[in-house]
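K.L.:
Just target38.pdb, nothing more (PDB, C-alpha atoms):
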```pdb
ATOM      1  CA  MET E  28     101.217  99.743  89.995
ATOM      2  CA  ILE E  29     100.373  96.750  87.788
ATOM      3  CA  THR E  30     100.954  97.300  84.067
ATOM      4  CA  LYS E  31      99.853  95.449  80.924
ATOM      5  CA  GLU E  32     103.326  93.866  80.805
ATOM      6  CA  ASP E  33     102.617  92.319  84.216
ATOM      7  CA  LEU E  34      99.343  90.812  82.944
ATOM      8  CA  PRO E  35      99.800  89.997  79.255
ATOM      9  CA  TYR E  36      97.124  87.269  79.168
ATOM     10  CA  SER E  37      93.353  87.571  79.364
ATOM     11  CA  ASP E  38      93.270  84.373  81.448
ATOM     12  CA  LEU E  39      94.438  85.161  84.984
ATOM     13  CA  ARG E  40      95.670  81.569  85.445
ATOM     14  CA  HIS E  41      98.214  82.145  82.687
ATOM     15  CA  ASN E  42      99.329  85.394  84.309
ATOM     16  CA  SER E  43      99.779  83.505  87.593
ATOM     17  CA  LEU E  44     101.794  80.811  85.830
ATOM     18  CA  LEU E  45     103.981  83.468  84.190
ATOM     19  CA  SER E  46     104.636  85.028  87.592
ATOM     20  CA  LEU E  47     105.526  81.633  89.086
ATOM     21  CA  LEU E  48     107.804  80.663  86.200
ATOM     22  CA  LYS E  49     109.781  83.887  86.634
ATOM     23  CA  ASP E  50     111.001  82.464  89.954
ATOM     24  CA  ASN E  51     114.447  80.907  89.399
ATOM     25  CA  GLU E  52     113.837  77.950  91.702
ATOM     26  CA  ILE E  53     110.682  77.057  89.787
ATOM     27  CA  ASN E  54     111.997  77.507  86.238
ATOM     28  CA  GLU E  55     115.238  75.687  87.110
ATOM     29  CA  ALA E  56     113.254  72.792  88.615
ATOM     30  CA  LEU E  57     111.161  72.573  85.443
ATOM     31  CA  ALA E  58     114.309  72.462  83.301
ATOM     32  CA  PHE E  59     115.735  69.772  85.584
ATOM     33  CA  MET E  60     112.560  67.680  85.257
ATOM     34  CA  LEU E  61     112.924  67.739  81.482
ATOM     35  CA  THR E  62     116.668  67.108  81.151
ATOM     36  CA  ASN E  63     117.919  65.730  84.473
ATOM     37  CA  THR E  64     120.549  68.487  84.251
ATOM     38  CA  LYS E  65     120.795  71.711  86.257
ATOM     39  CA  HIS E  66     120.204  74.816  84.129
ATOM     40  CA  THR E  67     120.702  78.340  85.477
ATOM     41  CA  GLY E  68     120.359  81.837  84.090
ATOM     42  CA  LEU E  69     116.985  81.103  82.520
ATOM     43  CA  ASN E  70     115.019  83.941  80.935
ATOM     44  CA  VAL E  71     111.226  84.016  80.829
ATOM     45  CA  LEU E  72     109.367  85.592  77.935
ATOM     46  CA  PRO E  73     105.568  85.698  77.482
ATOM     47  CA  HIS E  74     104.206  85.050  73.985
ATOM     48  CA  THR E  75     100.630  85.154  72.714
ATOM     49  CA  HIS E  76     100.038  81.391  72.997
ATOM     50  CA  SER E  77     102.810  80.324  75.366
ATOM     51  CA  ILE E  78     105.573  81.198  77.798
ATOM     52  CA  GLU E  79     109.164  80.706  76.673
ATOM     53  CA  ILE E  80     111.877  79.812  79.193
ATOM     54  CA  TYR E  81     115.353  79.753  77.732
ATOM     55  CA  ASN E  82     119.094  80.183  77.957
ATOM     56  CA  GLU E  83     121.871  79.232  75.535
ATOM     57  CA  ALA E  84     121.528  75.507  76.373
ATOM     58  CA  ILE E  85     117.750  74.917  76.561
ATOM     59  CA  THR E  86     114.405  76.265  75.398
ATOM     60  CA  ILE E  87     111.168  75.348  77.149
ATOM     61  CA  SER E  88     107.888  76.406  75.609
ATOM     62  CA  VAL E  89     104.853  76.207  77.919
ATOM     63  CA  VAL E  90     101.817  76.034  75.614
ATOM     64  CA  PHE E  91      98.286  77.126  76.448
ATOM     65  CA  TYR E  92      96.447  78.123  73.292
ATOM     66  CA  VAL E  93      95.672  76.700  69.886
ATOM     67  CA  GLY E  94      97.469  78.942  67.418
ATOM     68  CA  TYR E  95     100.856  78.119  68.914
ATOM     69  CA  GLU E  96     101.414  75.443  66.250
ATOM     70  CA  SER E  97     101.115  77.902  63.360
ATOM     71  CA  ALA E  98     103.100  80.777  64.815
ATOM     72  CA  GLU E  99     105.411  80.421  67.798
ATOM     73  CA  TYR E 100     106.302  76.766  67.241
ATOM     74  CA  LEU E 101     107.506  77.507  63.717
ATOM     75  CA  GLU E 102     110.013  80.001  65.134
ATOM     76  CA  LEU E 103     111.195  77.695  67.933
ATOM     77  CA  LYS E 104     111.280  74.242  66.334
ATOM     78  CA  SER E 105     114.799  74.611  64.943
ATOM     79  CA  ARG E 106     116.338  75.309  68.362
ATOM     80  CA  ASN E 107     118.486  72.665  69.972
ATOM     81  CA  ASN E 108     117.174  71.107  73.161
ATOM     82  CA  LEU E 109     113.595  72.383  72.681
ATOM     83  CA  HIS E 110     110.997  71.056  75.121
ATOM     84  CA  VAL E 111     107.334  71.828  74.490
ATOM     85  CA  VAL E 112     105.243  71.302  77.626
ATOM     86  CA  SER E 113     101.786  71.929  79.019
ATOM     87  CA  PHE E 114     100.352  71.908  82.525
ATOM     88  CA  ASN E 115      96.971  70.899  81.041
ATOM     89  CA  ASN E 116      96.766  67.153  80.401
ATOM     90  CA  ARG E 117      94.326  67.662  77.513
ATOM     91  CA  THR E 118      96.613  69.926  75.469
ATOM     92  CA  PRO E 119      98.875  67.138  74.106
ATOM     93  CA  THR E 120      95.783  65.300  72.799
ATOM     94  CA  LEU E 121      94.402  68.175  70.719
ATOM     95  CA  TRP E 122      94.298  67.603  66.970
ATOM     96  CA  GLU E 123      96.055  70.927  66.335
ATOM     97  CA  PHE E 124      99.093  69.683  68.249
ATOM     98  CA  ALA E 125      99.250  66.193  66.675
ATOM     99  CA  GLN E 126     102.594  66.931  64.975
ATOM    100  CA  ILE E 127     104.218  68.382  68.113
ATOM    101  CA  ASN E 128     105.618  66.293  70.961
ATOM    102  CA  ILE E 129     104.040  68.090  73.928
ATOM    103  CA  LYS E 130     105.011  66.749  77.351
ATOM    104  CA  TYR E 131     102.430  67.000  80.108
ATOM    105  CA  ILE E 132     103.867  68.398  83.354
ATOM    106  CA  ASP E 133     101.962  67.657  86.540
ATOM    107  CA  ASN E 134     101.992  70.726  88.769
ATOM    108  CA  LEU E 135     102.486  68.586  91.904
ATOM    109  CA  ALA E 136     105.489  66.881  90.315
ATOM    110  CA  LEU E 137     106.964  70.337  89.687
ATOM    111  CA  LEU E 138     106.174  71.364  93.272
ATOM    112  CA  PHE E 139     107.926  68.282  94.665
ATOM    113  CA  THR E 140     110.928  68.899  92.397
ATOM    114  CA  VAL E 141     111.161  72.491  93.649
ATOM    115  CA  LEU E 142     110.930  71.301  97.257
ATOM    116  CA  ASN E 143     113.597  68.675  96.654
ATOM    117  CA  GLN E 144     116.046  71.140  95.087
ATOM    118  CA  THR E 145     115.414  74.283  97.110
ATOM    119  CA  GLU E 146     118.102  76.025  99.108
ATOM    120  CA  ASN E 147     115.409  77.926 101.000
ATOM    121  CA  GLU E 148     115.099  76.751 104.630
ATOM    122  CA  PHE E 149     111.287  76.890 104.635
ATOM    123  CA  GLY E 150     111.233  74.874 101.406
ATOM    124  CA  LYS E 151     113.562  72.300 102.937
ATOM    125  CA  GLN E 152     111.198  71.983 105.905
ATOM    126  CA  MET E 153     108.261  71.493 103.526
ATOM    127  CA  ASP E 154     110.206  68.784 101.697
ATOM    128  CA  ARG E 155     110.839  66.992 104.995
ATOM    129  CA  LEU E 156     107.148  67.362 105.892
ATOM    130  CA  LYS E 157     106.163  65.880 102.513
ATOM    131  CA  ASN E 158     108.142  62.748 103.397
ATOM    132  CA  PHE E 159     107.082  62.565 107.058
ATOM    133  CA  THR E 160     105.134  59.545 108.231
ATOM    134  CA  PRO E 161     103.883  59.496 111.814
TER     135      PRO E 161
END
```
Show how you would write the structure in this file as structure tokens.
P.N.:
Amino acid sequence: MITKEDLPYSDLRHNSLLSLLKDNEINEALAFMLTNTKHTGLNVLPHTHSIEIYNEAITISVVFYVGYESAEYLELKSRNNLHVVSFNNRTPTLWEFAQINIKYIDNLALLFTVLNQTENEFGKQMDRLKNFTP
């Protein structure tokens, strides 16, 4: 049975993203994209305006809503190795976020990073297919 904790956002796309980011291969690939370092043991926590991915060495905040800058960001900005990202290329350009360095993450770039780093045999085959030229 699906509970409110499974679907904390009114936008189903954000619930889908939360579900995807709970996958270790995906959240570890995102951390690698940002730091060029392998991070493991990442926790995923939904917030009102964002999704937080963190461990003792890194914090990634995936922003979706205006309001983040006056609430969640204020709590996170003092953390070491904080990366604020968005999968929407318009988010970093919003006036409300002018004082925050928000990195745009292309979903295909994340997909290719996951494929490149996966230990899963099907994923490895997809990575080879991605690079195949007839």
K.L.:
Around all the atoms of segment 103-108 of chain E listed in the file, draw an axis-aligned box and extend it by 4 Å on each of the six sides; I want its centre and edge lengths in Å to one decimal, as JSON.
P.N.:
```
{"center_x": 114.8, "center_y": 74.4, "center_z": 69.1, "size_x": 15.3, "size_y": 14.6, "size_z": 16.2}
```
K.L.:
Give me, as a tab-separated table, the closest atom pair and its distance (Å, one decimal) for every residue of segment 107-160 of chain E within a cut-off of 10 Å of segment 59-78 of chain E, counting only C-alpha atoms, rows sorted by chain and rising number.
P.N.:
```
residue	atom	partner	partner_atom	distance
E:Asn108	CA	E:Thr62	CA	8.9
E:Leu109	CA	E:Leu61	CA	10.0
E:His110	CA	E:Leu61	CA	7.4
E:Val111	CA	E:Ser77	CA	9.7
E:Val112	CA	E:Leu61	CA	9.3
E:Ser113	CA	E:Ser77	CA	9.2
E:Lys130	CA	E:Leu61	CA	9.0
E:Ile132	CA	E:Met60	CA	8.9
E:Ala136	CA	E:Met60	CA	8.7
E:Leu137	CA	E:Met60	CA	7.6
E:Thr140	CA	E:Met60	CA	7.4
E:Val141	CA	E:Phe59	CA	9.7
E:Gln144	CA	E:Phe59	CA	9.6
```
K.L.:
For a test of reading the model, state the distance in Å between atom CA of Pro161 of chain E and atom CA of Asp133 of chain E, rounded to one decimal.
P.N.:
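Computed distance, atom CA of Pro161 of chain E to atom CA of Asp133 of chain E, equals 26.6 Å.
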K.L.:
What's the separation between atom CA of Leu138 of chain E and atom CA of Leu57 of chain E, in Å to one decimal place?
P.N.:
9.4 Å
K.L.:
Once the PyMOL selection byres ((chain E and resi 115) around 8) has been evaluated on this model, what residues remain selected, and can you format them as a count of residues only?
P.N.:
8
K.L.:
Got a sec to resolve the PyMOL selection byres ((chain E and resi 34) around 12) on this structure and send the residues as a VMD selection string?
P.N.:
chain E and resid 28 to 33 35 to 46 73 to 75
K.L.:
Please report the interatomic distance between atom CA of Tyr100 of chain E and atom CA of Phe124 of chain E in Å with one decimal.
P.N.:
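These two atoms are separated by 10.2 Å.
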K.L.:
Which of these, E:Thr120, E:Thr86, E:Ser105, E:Thr145, has the shortest distance to Ile53 of chain E once you count only C-alpha atoms?
P.N.:
E:Thr145
K.L.:
Can you pull out the residues contacting Leu156 of chain E? Cut-off 12 Å, using all atoms listed in the file, and skip same-chain residues under 5 positions away; I want them as number ranges by chain.
P.N.:
E: 139, 142-143, 149-151, 161
K.L.:
Of the residues E:Glu146, E:Met153, E:Phe159, E:Val90, which is the one nearest to Asn51 of chain E, using only C-alpha atoms?
P.N.:
E:Glu146
K.L.:
Hey, which of E:Asn54, E:Gln152, E:Ser97, E:Thr160 ends up closest to Ile85 of chain E? Count only C-alpha atoms.
P.N.:
E:Asn54
K.L.:
Show me that you can extract segment 81-112 of chain E, keeping N, CA, C and O atoms, and write it as a PDB file, in the first residue's frame.
P.N.:
```
ATOM      1  N   TYR E  81      22.706  12.940   1.333  1.00  0.00           N
ATOM      2  CA  TYR E  81      23.836  13.300   2.188  1.00  0.00           C
ATOM      3  C   TYR E  81      24.490  12.082   2.835  1.00  0.00           C
ATOM      4  O   TYR E  81      23.909  11.015   2.946  1.00  0.00           O
ATOM      5  N   ASN E  82      25.712  12.289   3.245  1.00  0.00           N
ATOM      6  CA  ASN E  82      26.434  11.438   4.191  1.00  0.00           C
ATOM      7  C   ASN E  82      27.372  12.365   4.950  1.00  0.00           C
ATOM      8  O   ASN E  82      27.234  13.596   4.858  1.00  0.00           O
ATOM      9  N   GLU E  83      28.339  11.833   5.668  1.00  0.00           N
ATOM     10  CA  GLU E  83      29.214  12.695   6.465  1.00  0.00           C
ATOM     11  C   GLU E  83      30.159  13.538   5.607  1.00  0.00           C
ATOM     12  O   GLU E  83      30.682  14.549   6.067  1.00  0.00           O
ATOM     13  N   ALA E  84      30.351  13.182   4.333  1.00  0.00           N
ATOM     14  CA  ALA E  84      31.319  13.874   3.486  1.00  0.00           C
ATOM     15  C   ALA E  84      30.702  14.841   2.477  1.00  0.00           C
ATOM     16  O   ALA E  84      31.399  15.691   1.931  1.00  0.00           O
ATOM     17  N   ILE E  85      29.403  14.700   2.188  1.00  0.00           N
ATOM     18  CA  ILE E  85      28.788  15.497   1.115  1.00  0.00           C
ATOM     19  C   ILE E  85      27.308  15.724   1.415  1.00  0.00           C
ATOM     20  O   ILE E  85      26.652  14.868   2.033  1.00  0.00           O
ATOM     21  N   THR E  86      26.811  16.863   0.967  1.00  0.00           N
ATOM     22  CA  THR E  86      25.372  17.132   0.977  1.00  0.00           C
ATOM     23  C   THR E  86      24.997  17.650  -0.398  1.00  0.00           C
ATOM     24  O   THR E  86      25.619  18.575  -0.922  1.00  0.00           O
ATOM     25  N   ILE E  87      23.985  17.021  -0.984  1.00  0.00           N
ATOM     26  CA  ILE E  87      23.443  17.448  -2.273  1.00  0.00           C
ATOM     27  C   ILE E  87      21.998  17.839  -2.019  1.00  0.00           C
ATOM     28  O   ILE E  87      21.236  17.075  -1.429  1.00  0.00           O
ATOM     29  N   SER E  88      21.640  19.018  -2.473  1.00  0.00           N
ATOM     30  CA  SER E  88      20.268  19.490  -2.329  1.00  0.00           C
ATOM     31  C   SER E  88      19.691  19.676  -3.727  1.00  0.00           C
ATOM     32  O   SER E  88      20.171  20.507  -4.498  1.00  0.00           O
ATOM     33  N   VAL E  89      18.679  18.873  -4.074  1.00  0.00           N
ATOM     34  CA  VAL E  89      18.027  18.951  -5.374  1.00  0.00           C
ATOM     35  C   VAL E  89      16.801  19.846  -5.201  1.00  0.00           C
ATOM     36  O   VAL E  89      15.832  19.482  -4.544  1.00  0.00           O
ATOM     37  N   VAL E  90      16.857  21.035  -5.799  1.00  0.00           N
ATOM     38  CA  VAL E  90      15.839  22.069  -5.603  1.00  0.00           C
ATOM     39  C   VAL E  90      14.747  21.965  -6.655  1.00  0.00           C
ATOM     40  O   VAL E  90      15.034  21.746  -7.818  1.00  0.00           O
ATOM     41  N   PHE E  91      13.472  22.152  -6.211  1.00  0.00           N
ATOM     42  CA  PHE E  91      12.413  22.309  -7.204  1.00  0.00           C
ATOM     43  C   PHE E  91      11.543  23.530  -7.004  1.00  0.00           C
ATOM     44  O   PHE E  91      10.918  23.969  -7.930  1.00  0.00           O
ATOM     45  N   TYR E  92      11.387  24.027  -5.828  1.00  0.00           N
ATOM     46  CA  TYR E  92      10.411  25.090  -5.595  1.00  0.00           C
ATOM     47  C   TYR E  92      11.037  26.351  -5.031  1.00  0.00           C
ATOM     48  O   TYR E  92      11.953  26.294  -4.214  1.00  0.00           O
ATOM     49  N   VAL E  93      10.469  27.494  -5.451  1.00  0.00           N
ATOM     50  CA  VAL E  93      10.777  28.758  -4.795  1.00  0.00           C
ATOM     51  C   VAL E  93      10.282  28.625  -3.363  1.00  0.00           C
ATOM     52  O   VAL E  93       9.238  28.034  -3.101  1.00  0.00           O
ATOM     53  N   GLY E  94      11.021  29.159  -2.441  1.00  0.00           N
ATOM     54  CA  GLY E  94      10.763  28.976  -1.013  1.00  0.00           C
ATOM     55  C   GLY E  94      11.952  28.274  -0.378  1.00  0.00           C
ATOM     56  O   GLY E  94      12.226  28.444   0.797  1.00  0.00           O
ATOM     57  N   TYR E  95      12.664  27.511  -1.186  1.00  0.00           N
ATOM     58  CA  TYR E  95      13.870  26.819  -0.732  1.00  0.00           C
ATOM     59  C   TYR E  95      14.876  27.818  -0.164  1.00  0.00           C
ATOM     60  O   TYR E  95      15.486  27.572   0.874  1.00  0.00           O
ATOM     61  N   GLU E  96      15.021  28.961  -0.849  1.00  0.00           N
ATOM     62  CA  GLU E  96      16.051  29.942  -0.487  1.00  0.00           C
ATOM     63  C   GLU E  96      15.815  30.572   0.878  1.00  0.00           C
ATOM     64  O   GLU E  96      16.755  31.024   1.526  1.00  0.00           O
ATOM     65  N   SER E  97      14.580  30.580   1.351  1.00  0.00           N
ATOM     66  CA  SER E  97      14.293  31.229   2.634  1.00  0.00           C
ATOM     67  C   SER E  97      14.054  30.238   3.764  1.00  0.00           C
ATOM     68  O   SER E  97      13.766  30.648   4.887  1.00  0.00           O
ATOM     69  N   ALA E  98      14.196  28.965   3.473  1.00  0.00           N
ATOM     70  CA  ALA E  98      13.960  27.965   4.520  1.00  0.00           C
ATOM     71  C   ALA E  98      15.069  26.925   4.526  1.00  0.00           C
ATOM     72  O   ALA E  98      16.002  26.999   5.322  1.00  0.00           O
ATOM     73  N   GLU E  99      14.999  25.973   3.642  1.00  0.00           N
ATOM     74  CA  GLU E  99      15.918  24.839   3.648  1.00  0.00           C
ATOM     75  C   GLU E  99      17.362  25.251   3.402  1.00  0.00           C
ATOM     76  O   GLU E  99      18.286  24.739   4.046  1.00  0.00           O
ATOM     77  N   TYR E 100      17.580  26.185   2.470  1.00  0.00           N
ATOM     78  CA  TYR E 100      18.947  26.605   2.177  1.00  0.00           C
ATOM     79  C   TYR E 100      19.620  27.205   3.402  1.00  0.00           C
ATOM     80  O   TYR E 100      20.810  26.970   3.648  1.00  0.00           O
ATOM     81  N   LEU E 101      18.881  27.961   4.185  1.00  0.00           N
ATOM     82  CA  LEU E 101      19.453  28.587   5.376  1.00  0.00           C
ATOM     83  C   LEU E 101      19.974  27.552   6.363  1.00  0.00           C
ATOM     84  O   LEU E 101      20.964  27.786   7.056  1.00  0.00           O
ATOM     85  N   GLU E 102      19.320  26.400   6.421  1.00  0.00           N
ATOM     86  CA  GLU E 102      19.765  25.320   7.310  1.00  0.00           C
ATOM     87  C   GLU E 102      20.970  24.565   6.748  1.00  0.00           C
ATOM     88  O   GLU E 102      21.794  24.059   7.502  1.00  0.00           O
ATOM     89  N   LEU E 103      21.065  24.494   5.417  1.00  0.00           N
ATOM     90  CA  LEU E 103      22.105  23.684   4.781  1.00  0.00           C
ATOM     91  C   LEU E 103      23.372  24.444   4.416  1.00  0.00           C
ATOM     92  O   LEU E 103      24.433  23.842   4.272  1.00  0.00           O
ATOM     93  N   LYS E 104      23.292  25.753   4.258  1.00  0.00           N
ATOM     94  CA  LYS E 104      24.402  26.506   3.663  1.00  0.00           C
ATOM     95  C   LYS E 104      25.707  26.448   4.441  1.00  0.00           C
ATOM     96  O   LYS E 104      26.766  26.669   3.865  1.00  0.00           O
ATOM     97  N   SER E 105      25.660  26.114   5.714  1.00  0.00           N
ATOM     98  CA  SER E 105      26.893  26.043   6.498  1.00  0.00           C
ATOM     99  C   SER E 105      27.578  24.676   6.408  1.00  0.00           C
ATOM    100  O   SER E 105      28.685  24.506   6.912  1.00  0.00           O
ATOM    101  N   ARG E 106      26.964  23.726   5.742  1.00  0.00           N
ATOM    102  CA  ARG E 106      27.578  22.394   5.625  1.00  0.00           C
ATOM    103  C   ARG E 106      28.752  22.416   4.659  1.00  0.00           C
ATOM    104  O   ARG E 106      28.736  23.106   3.648  1.00  0.00           O
ATOM    105  N   ASN E 107      29.755  21.632   4.995  1.00  0.00           N
ATOM    106  CA  ASN E 107      30.895  21.475   4.093  1.00  0.00           C
ATOM    107  C   ASN E 107      30.475  20.630   2.898  1.00  0.00           C
ATOM    108  O   ASN E 107      29.671  19.710   3.025  1.00  0.00           O
ATOM    109  N   ASN E 108      31.062  20.945   1.761  1.00  0.00           N
ATOM    110  CA  ASN E 108      30.833  20.176   0.539  1.00  0.00           C
ATOM    111  C   ASN E 108      29.352  20.116   0.166  1.00  0.00           C
ATOM    112  O   ASN E 108      28.827  19.060  -0.173  1.00  0.00           O
ATOM    113  N   LEU E 109      28.679  21.277   0.220  1.00  0.00           N
ATOM    114  CA  LEU E 109      27.273  21.395  -0.176  1.00  0.00           C
ATOM    115  C   LEU E 109      27.192  21.673  -1.672  1.00  0.00           C
ATOM    116  O   LEU E 109      27.879  22.565  -2.179  1.00  0.00           O
ATOM    117  N   HIS E 110      26.344  20.910  -2.351  1.00  0.00           N
ATOM    118  CA  HIS E 110      26.087  21.097  -3.776  1.00  0.00           C
ATOM    119  C   HIS E 110      24.592  21.271  -3.951  1.00  0.00           C
ATOM    120  O   HIS E 110      23.814  20.374  -3.606  1.00  0.00           O
ATOM    121  N   VAL E 111      24.191  22.421  -4.486  1.00  0.00           N
ATOM    122  CA  VAL E 111      22.786  22.699  -4.753  1.00  0.00           C
ATOM    123  C   VAL E 111      22.588  22.519  -6.247  1.00  0.00           C
ATOM    124  O   VAL E 111      23.277  23.147  -7.064  1.00  0.00           O
ATOM    125  N   VAL E 112      21.656  21.634  -6.617  1.00  0.00           N
ATOM    126  CA  VAL E 112      21.467  21.280  -8.027  1.00  0.00           C
ATOM    127  C   VAL E 112      19.990  21.327  -8.390  1.00  0.00           C
ATOM    128  O   VAL E 112      19.116  21.314  -7.524  1.00  0.00           O
TER     129      VAL E 112
END
```
